[in-house]
Amino acid sequence: MKTIIGNWKMHLNTSESSLLVSRIVDHTKPTDSVEVVLCPSAQAIYPVKKELDSLKATSKFRLGIQNVYFVDEGAYTGEISAEQVKDLVDYAIVGHSERRIHFGERDEEIAKKVSACLRASITPVLCVGERLDDRHEGHSEQVVRDQLNVDLSEITAAEAGKTLIAYEPIWAIGTGEFADPEEVKKMADVIKETCEDLFDKTGKDVSVLYGGSVDGDNAKPYLDLDNIDGLLVGGSSVNYEQFSKIVELAH
Ligand code: PGA
């Protein structure tokens with residue numbers, strides 16, 4: 001089964017989000033072999049859920065949130081916990097590079113977020129990936145290993161089996177530059193090996209997605225890789241024609 005996740009980032013107001021989801025429902029056909037997860041910005045999750053209900057499409061799409069806080073409840077103005085959204089979403093993106101870069105999220109904090117999601121029975125989509133400098137210096141694999149070693153340090157092997165890892169090289173996000181599928185294949189092996197080191201046999205079965213400037217024209221070679229279980233799509237996920245094309249290719 002392939003999982004295609006749309007990260008709408010900080011785009012679209014509430015009514016625009018509802019309109020986009022209705023277009024996606026019209027043009028996209030998730031099946032048993034393709035799971036489609038939509039991650040609107042937080043204020044639009046409930047309206048999008050309502051729109052899916054009214055279109056009788058709730059069972060065909062999953063919803064996700066783009067970030068959560070790691071404490072379940074308390075005086076943390078402006079934050080949203082996994083616990084608070086567990087009745088709304090099945091997935092949460094955690095440790096996205098935009099959160100690491102713009103909001104200073106560190107791996108120790110990300111590890112707590114991964115654990116908080118699992119505590120709330122939400123599937124974390126943990127994002128890892130190297131910067132352009134790391135890549136030029138030949139350190140990509142080590143950077144990703146180091147991230148995983150900390151980001152997955154607060155969970156058990158059984159929980160790791162319920163976690164998705166998205167390989168998102170930072171230089172490929174929102175830039176129009178995308179990674180060579182052969183390099184993605186190699187990195188997916190590195191991710192699986194690292195998870196196996198951490199969690200023995202369960203680690204090898206962890207699901208790995210690719211993300212970074214994926215669109216309807218370049219998605220196929222990634223989907224054809226036997227160690228890639230899906231895609232995390234940013235810019236192209238708010239374009240229903242592009243997004244439905246990507247989902248179609250995943251069948
Ligand atoms: P992009 O974003 O597809 O716009 O490069 C991917 C992501 O941030 O998940």
# chains A, B, ... in the order shown; residues from 1 in each chain; ligands from 1
$ residues_near_ligand --ligand "ligand 1" --cutoff "9 Å" --atoms "only C-alpha atoms and all ligand atoms" --output "MDAnalysis selection string"
chainID A and resid 5:9 93 96:98 127 166 168 170:178 210:215 231:237
$ write_last_selection --atoms "N, CA and C atoms" --output "CSV table (one decimal), in the first residue's frame"
chain,number,residue,atom,x,y,z
A,5,ILE,N,0.6,11.9,1.2
A,5,ILE,CA,0.2,12.9,2.2
A,5,ILE,C,0.3,14.3,1.5
A,6,GLY,N,-0.7,15.1,1.7
A,6,GLY,CA,-0.7,16.4,1.2
A,6,GLY,C,-0.5,17.4,2.4
A,7,ASN,N,0.6,18.1,2.3
A,7,ASN,CA,0.9,19.1,3.4
A,7,ASN,C,0.6,20.5,2.8
A,8,TRP,N,-0.5,21.0,3.3
A,8,TRP,CA,-1.0,22.3,2.7
A,8,TRP,C,-0.3,23.5,3.3
A,9,LYS,N,0.6,23.2,4.2
A,9,LYS,CA,1.4,24.3,4.9
A,9,LYS,C,0.5,25.5,5.3
A,93,ILE,N,2.3,15.5,11.1
A,93,ILE,CA,3.6,15.7,10.7
A,93,ILE,C,4.5,16.2,11.8
A,96,HIS,N,9.1,18.7,10.7
A,96,HIS,CA,9.3,19.2,9.4
A,96,HIS,C,10.4,20.2,9.4
A,97,SER,N,11.2,20.2,8.3
A,97,SER,CA,12.4,21.1,8.3
A,97,SER,C,12.0,22.5,8.4
A,98,GLU,N,10.8,22.9,8.0
A,98,GLU,CA,10.4,24.3,8.2
A,98,GLU,C,10.2,24.6,9.6
A,127,CYS,N,9.8,13.8,9.9
A,127,CYS,CA,10.5,14.3,8.7
A,127,CYS,C,12.0,14.4,9.1
A,166,ALA,N,9.5,10.3,6.8
A,166,ALA,CA,9.6,11.0,5.5
A,166,ALA,C,11.0,11.5,5.3
A,168,GLU,N,13.1,13.9,3.6
A,168,GLU,CA,12.9,15.2,2.9
A,168,GLU,C,14.1,16.0,2.9
A,170,ILE,N,16.4,18.9,2.6
A,170,ILE,CA,16.0,20.3,2.7
A,170,ILE,C,16.2,21.1,1.4
A,171,TRP,N,17.2,20.8,0.7
A,171,TRP,CA,17.5,21.5,-0.5
A,171,TRP,C,16.4,21.2,-1.6
A,172,ALA,N,15.6,20.2,-1.4
A,172,ALA,CA,14.6,19.8,-2.4
A,172,ALA,C,13.2,20.3,-2.0
A,173,ILE,N,13.1,21.0,-0.9
A,173,ILE,CA,11.7,21.4,-0.4
A,173,ILE,C,11.4,22.7,-0.9
A,174,GLY,N,10.3,22.8,-1.7
A,174,GLY,CA,9.8,24.0,-2.2
A,174,GLY,C,10.8,24.7,-3.2
A,175,THR,N,11.8,24.0,-3.7
A,175,THR,CA,12.8,24.6,-4.6
A,175,THR,C,12.6,24.2,-6.0
A,176,GLY,N,11.8,23.2,-6.3
A,176,GLY,CA,11.7,22.7,-7.7
A,176,GLY,C,12.8,21.8,-8.0
A,177,GLU,N,13.8,21.6,-7.1
A,177,GLU,CA,14.8,20.6,-7.3
A,177,GLU,C,14.4,19.4,-6.6
A,178,PHE,N,14.5,18.2,-7.2
A,178,PHE,CA,14.1,17.0,-6.6
A,178,PHE,C,15.2,16.0,-6.6
A,210,TYR,N,9.0,9.6,0.5
A,210,TYR,CA,9.9,10.7,0.0
A,210,TYR,C,9.1,12.0,-0.1
A,211,GLY,N,9.8,13.1,0.2
A,211,GLY,CA,9.2,14.4,0.0
A,211,GLY,C,10.2,15.4,-0.5
A,212,GLY,N,9.8,16.3,-1.3
A,212,GLY,CA,10.7,17.4,-1.9
A,212,GLY,C,10.4,17.6,-3.3
A,213,SER,N,9.6,18.7,-3.6
A,213,SER,CA,9.2,19.1,-4.9
A,213,SER,C,8.6,18.0,-5.8
A,214,VAL,N,7.8,17.2,-5.2
A,214,VAL,CA,7.1,16.1,-5.9
A,214,VAL,C,5.9,16.7,-6.7
A,215,ASP,N,5.8,16.4,-8.0
A,215,ASP,CA,4.6,16.8,-8.7
A,215,ASP,C,4.1,15.7,-9.6
A,231,LEU,N,4.5,9.2,-0.6
A,231,LEU,CA,5.1,10.6,-0.8
A,231,LEU,C,4.5,11.6,0.1
A,232,LEU,N,5.3,12.6,0.5
A,232,LEU,CA,4.8,13.7,1.3
A,232,LEU,C,4.9,14.9,0.3
A,233,VAL,N,3.8,15.4,0.0
A,233,VAL,CA,3.7,16.4,-1.1
A,233,VAL,C,3.4,17.8,-0.5
A,234,GLY,N,4.1,18.8,-0.8
A,234,GLY,CA,3.8,20.2,-0.3
A,234,GLY,C,3.1,21.0,-1.4
A,235,GLY,N,3.9,21.8,-2.1
A,235,GLY,CA,3.3,22.7,-3.1
A,235,GLY,C,2.2,22.1,-4.0
A,236,SER,N,2.5,20.9,-4.5
A,236,SER,CA,1.5,20.3,-5.5
A,236,SER,C,0.3,19.8,-4.8
A,237,SER,N,0.3,19.8,-3.5
A,237,SER,CA,-0.9,19.2,-2.8
A,237,SER,C,-2.1,20.3,-2.7
$ select_by_dssp --residues "segment 30-181 of chain A" --states "alpha helix (DSSP H)" --output "PyMOL selection string"
chain A and resi 42-54+82-85+97-102+107-119+132-136+140-151+157-160+181
$ residues_around --residues "Gly216 of chain A" --least-positions-apart "6" --cutoff "9 Å" --atoms "only C-alpha atoms" --output "JSON, numbers by chain"
{"A": [236, 241, 242, 243, 244, 245, 246, 247, 249]}
$ write_last_selection --atoms "N, CA and C atoms" --output "CSV table (one decimal), in the first residue's frame"
chain,number,residue,atom,x,y,z
A,236,SER,N,2.5,20.9,-4.5
A,236,SER,CA,1.5,20.3,-5.5
A,236,SER,C,0.3,19.8,-4.8
A,241,GLU,N,-5.4,19.3,-9.4
A,241,GLU,CA,-5.1,18.6,-10.6
A,241,GLU,C,-3.8,17.8,-10.4
A,242,GLN,N,-2.8,18.5,-9.9
A,242,GLN,CA,-1.5,17.9,-9.6
A,242,GLN,C,-1.6,16.8,-8.6
A,243,PHE,N,-2.3,17.1,-7.5
A,243,PHE,CA,-2.4,16.1,-6.4
A,243,PHE,C,-3.1,14.9,-6.9
A,244,SER,N,-4.2,15.0,-7.6
A,244,SER,CA,-5.0,13.8,-8.1
A,244,SER,C,-4.1,13.0,-9.1
A,245,LYS,N,-3.3,13.7,-9.8
A,245,LYS,CA,-2.4,13.0,-10.8
A,245,LYS,C,-1.4,12.1,-10.0
A,246,ILE,N,-0.9,12.7,-8.9
A,246,ILE,CA,0.1,11.9,-8.1
A,246,ILE,C,-0.6,10.7,-7.5
A,247,VAL,N,-1.8,10.9,-6.9
A,247,VAL,CA,-2.6,9.8,-6.3
A,247,VAL,C,-2.9,8.7,-7.4
A,249,LEU,N,-1.1,8.0,-10.0
A,249,LEU,CA,0.2,7.3,-10.3
A,249,LEU,C,0.5,6.3,-9.2
$ select_by_dssp --residues "segment 43-73 of chain A" --states "strand (DSSP E)" --output "ChimeraX atom specification"
/A:61-65
$ residues_around --residues "segment 42-58 of chain A" --least-positions-apart "5" --cutoff "12 Å" --atoms "only C-alpha atoms" --output "ChimeraX atom specification"
/A:7-26,28-30,36-37,63-68,78-82,84-93
$ atom_distance --atom1 "atom CA of Glu159 of chain A" --atom2 "atom CA of Thr123 of chain A"
9.3 Å
$ closest_residue --among "A:Ala116, A:Val184, A:Leu223, A:Leu148" --to "Ala250 of chain A" --atoms "only C-alpha atoms"
A:Leu223
$ atom_distance --atom1 "atom CA of Cys39 of chain A" --atom2 "atom CA of Val238 of chain A"
10.2 Å
